Structures are given as structure tokens and as C-alpha cells.
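**Q** Take a look at this one; I'll ask things after.
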Amino acid sequence: MYVYVEYLLLENAIINFIILYVTNKVTRTKTNKIRILIAAIVGSLYALVVFYPEFHYLTKFSVKVSVSILMIVIAYNPAKLKTFIKLLAYFYIISFIFAGAGLAVFYILKNSDLTYHKIYFINDFTSQLLIISITFSVLLIRYVFNYFNLKLNKEDVFTEVAVTLRGRKAIFTALVDTGNSLKEPISQKPVVIVEFEAIKNILPLKLQNYYMKNKGFNLDDFTNIMMELKDEIKLRFIPFKSIGKDNGILIGFKPDELDILNEKINRRITQDIVIAIYNNKMSDGEKYKGLLHPEILYKGV
């Protein structure tokens with residue numbers, strides 16, 4: 001049996017890069033592809049120890065964990081211990097999913113010996129099988145994380161949200177509404193629906209005055225307001241349907257940033273988000289003042 005070192009390194013680097021990249025997407029940790037690539041290459045070099053019997057001690061569990069830690073530090077450079085532990089946990093979970101998916105694809109499509117000198121190898125694992133395994137793994141990871149993220153418990157239903165526009169910030173409680181599929185029609189960005197009173201202080205004065213004087217919607221008035229305020233805030237029309245109302249219109253705008261202020265999820269979003277202004281009350285008990293699109297809280301890979 002022949003093992004070509006260059007192919008082994010290349011395959012390991014590719015798999016490591018994808019695992020680290022998917023970990024980055026799932027955890028939404030700030031980094032760049034260069035750091036991920038360097039970490040992937042460093043991890044792939046560890047595979048060479050199997051060819052040197054004198055370095056057999058490097059195959060111990062403690063060394064393998066140390067290499068994983070080194071890859072996480074290189075790829076993400078986490079500043080907090082909590083962030084590091086989270087990244088390491090997701091890295092292993094995603095690695096196990098990839099390994100399981102790869103073995104499953106191989107067993108289904110091939111039949112070959114898996115051991116060589118007491119070392120596990122998959123012989124004749126072609127590039128086609130690698131692509132199939134990667135695709136299957138990514139789809140599986142997307143499904144698994146979306147499933148568990150959307151199965152929110154009672155504590156997760158409500159979350160604090162901060163919306164910032166031109167240096168002004170509004171903080172309110174939002175309900176994570178799994179039934180909210182509203183998106184801005186042109187860009188297809190997910191929409192967060194917020195009570196006017198909750199974000200009044202960040203809106204231009206002219207827009208505040210209009211909402212305080214009018215509960216309804218007048219197309220001509222809003223067209224004029226949009227033109228007058230185009231340098232302060234870019235307004236857009238968001239059509240929606242609800243019970244008893246087939247052709248509703250909400251006015252939306254793109255904030256500078258939106259922060260999810262949650263003990264389990266602390267996330268800042270600066271793009272792909274639209275705020276829709278709702279000039280009424282959402283909850284009788286005022287438990288929440290916004291409806292958060294689930295894609296914003298738990299965005300897939």
C-alpha cells in the first residue's frame with residue numbers, strides 16, 4: 001500500500017480548512033480566511049508523525065488535543081476563555097460530524113481495508129468521494145444546528161435587542177418569532193418588526209412627528225418624507241400579509257447595527273438587516289416591543 005505524502009497533506013489541509021471555516025460560520029467569530037488557512041496547514045502537518053516511528057509518542061491523546069488548541073488559537077485568537085471553550089467544543093462536534101459522514105459515504109460506496117500498521121487509513125478515497133462527503137457533512141451540520149437552534153426553550157423566547165442609527169441607540173425586548181418569515185422584497189433581508197415607541201428616539205424628528213399624528217399609512221405623505229429624509233435615513237416599503245389584512249404596508253429602514261444582548265448569544269449585526277416600524281402595541285402586557293426574525297438569531301451555515 002502506497003501513501004503519497006503530498007496528497008495526504010493536501011486532503012488534511014482541505015478538511016481542516018472546511019471544519020475551521022464551518023466552525024467560524026456557526027459561532028460567528030471574527031477572523032479571516034488567511035488565519036484559517038494557516039491553522040489548517042499547521043493541523044495537516046501533524047499527520048506526518050504517523051510516518052516516523054520515533055515520534056510515536058506524539059500520537060497520544062494529550063498531544064492531539066494540544067494540536068487542536070493550537071489550531072483554534074491560530075485561526076481565531078480568542079480573547080476570552082469562554083469563547084475559546086465554545087470554539088473548541090464546536091470544532092470537535094463539527095469534526096466528528098465530518099468524520100462520521102466521511103465513513104458513512106465510504107462504507108456505502110466503497111469496500112476497502114481501513115487499517116495499515118495499526119493506523120487507520122481509508123484506501124482509494126477519491127476526490128469524488130471527498131466532495132460527496134463534504135457536501136453531505138455541510139448539509140447535515142446545517143440541519144442539526146438549525147434544528148436545535150430553532151427548538152428554543154422558554155428562557156430563549158425573549159431577548160434584549162439594541163438598534164443603533166446615526167449614533168443614537170434604542171434598547172427593547174424582542175420576541176423570537178419562529179413564525180416571522182417577513183423579508184424586505186428587493187434585497188430579501190430578514191425584517192425585525194419593532195414598535196414605534198421603542199425606537200422613536202433614534203428616528204429623525206420629522207418621522208417621529210408623522211407617526212405620533214398618524215396611525216394609518218398614506219403613500220403620498222411617505223413618499224414626500226422619504227425624499228426629504230433621504231440623507232438621514234433610507235426608508236423603504238415592506239408589504240406584508242396578516243390575518244384580516246392581505247395588503248399591509250410597513251415602513252422599514254436599515255440600521256447601522258443591531259446587537260443581540262443575550263447571555264447565551266451576544267451578536268452584533270451590521271448588514272443584511274431591516275427594521276420595520278409598527279405604530280401600535282404588540283403585547284397587551286408589554287412583555288415585548290419587537291418581533292425578531294429567527295434567521296437573525298440563529299443563522300445557518
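Quick note on naming: the chains in the C-alpha cells go A, B, ... in the order shown, residues restart at 1 in each chain, and ligands are numbered from 1 in order of appearance.
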Among region 177-254 of chain A, which residues does DSSP mark as strand (DSSP E) when it is run on the backbone? Keep the chain and numbering as in the structure and answer as a PyMOL selection string.

**A** chain A and resi 191-195+235-242+245-253

**Q** Excluding region 268-273 of chain A and its own-chain neighbours fewer than 5 positions away, which residues fall within 9 Å of it when counting only C-alpha atoms? Please give them as a list of chain:residue names.

**A**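 Here the answer would be A:Glu184, A:Ser187, A:Gln188, A:Lys189, A:Pro190, A:Val191, A:Val192, A:Phe253, A:Lys254, A:Pro255, A:Asp256, A:Glu257, A:Leu258, A:Asp259, A:Ile260, A:Leu261, A:Ile296.
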
**Q** When you look at Pro204 (chain A) with a cut-off of 12 Å (counting only C-alpha atoms), what residues show up, excluding the ones that are within fewer than 2 positions of it in the same chain? I need them as a PyMOL selection string.

**A** chain A and resi 165-166+168+199-202+206-211+225-226+228-235+253

**Q** Report as JSON, numbers by chain: the residues of region 198-244 of chain A with a DSSP assignment of helix (DSSP H, G or I), based on the backbone of this structure.

**A** {"A": [198, 199, 200, 201, 202, 205, 206, 207, 208, 209, 210, 211, 212, 213, 219, 220, 221, 222, 223, 224, 225, 226, 227, 228]}

**Q** List the neighbours of Lys215 (chain A) out to 10 Å using only C-alpha atoms; skip same-chain residues closer than 6 positions along the sequence, and give me the result as an MDAnalysis selection string.

**A** chainID A and resid 278:280

**Q** Those same residues - C-alpha atoms - I'd like them written as a PDB file, in the first residue's frame.

**A**
```
ATOM      1  CA  TYR A 278     -45.077  49.155  13.752  1.00  0.00           C
ATOM      2  CA  ASN A 279     -47.228  52.026  15.013  1.00  0.00           C
ATOM      3  CA  ASN A 280     -49.223  50.027  17.556  1.00  0.00           C
TER       4      ASN A 280
END
```

**Q** Give the answer as one residue: which of A:Ile186, A:Leu205, A:Val67, A:Val194 has the shortest atom-to-atom distance to Ile171 (chain A), using only C-alpha atoms?

**A** A:Val194

**Q** For Gly248 (chain A), find every residue with an atom within 6 Å (counting only C-alpha atoms), except residues of its own chain fewer than 2 positions away, and show them as a VMD selection string.

**A** chain A and resid 239 to 241
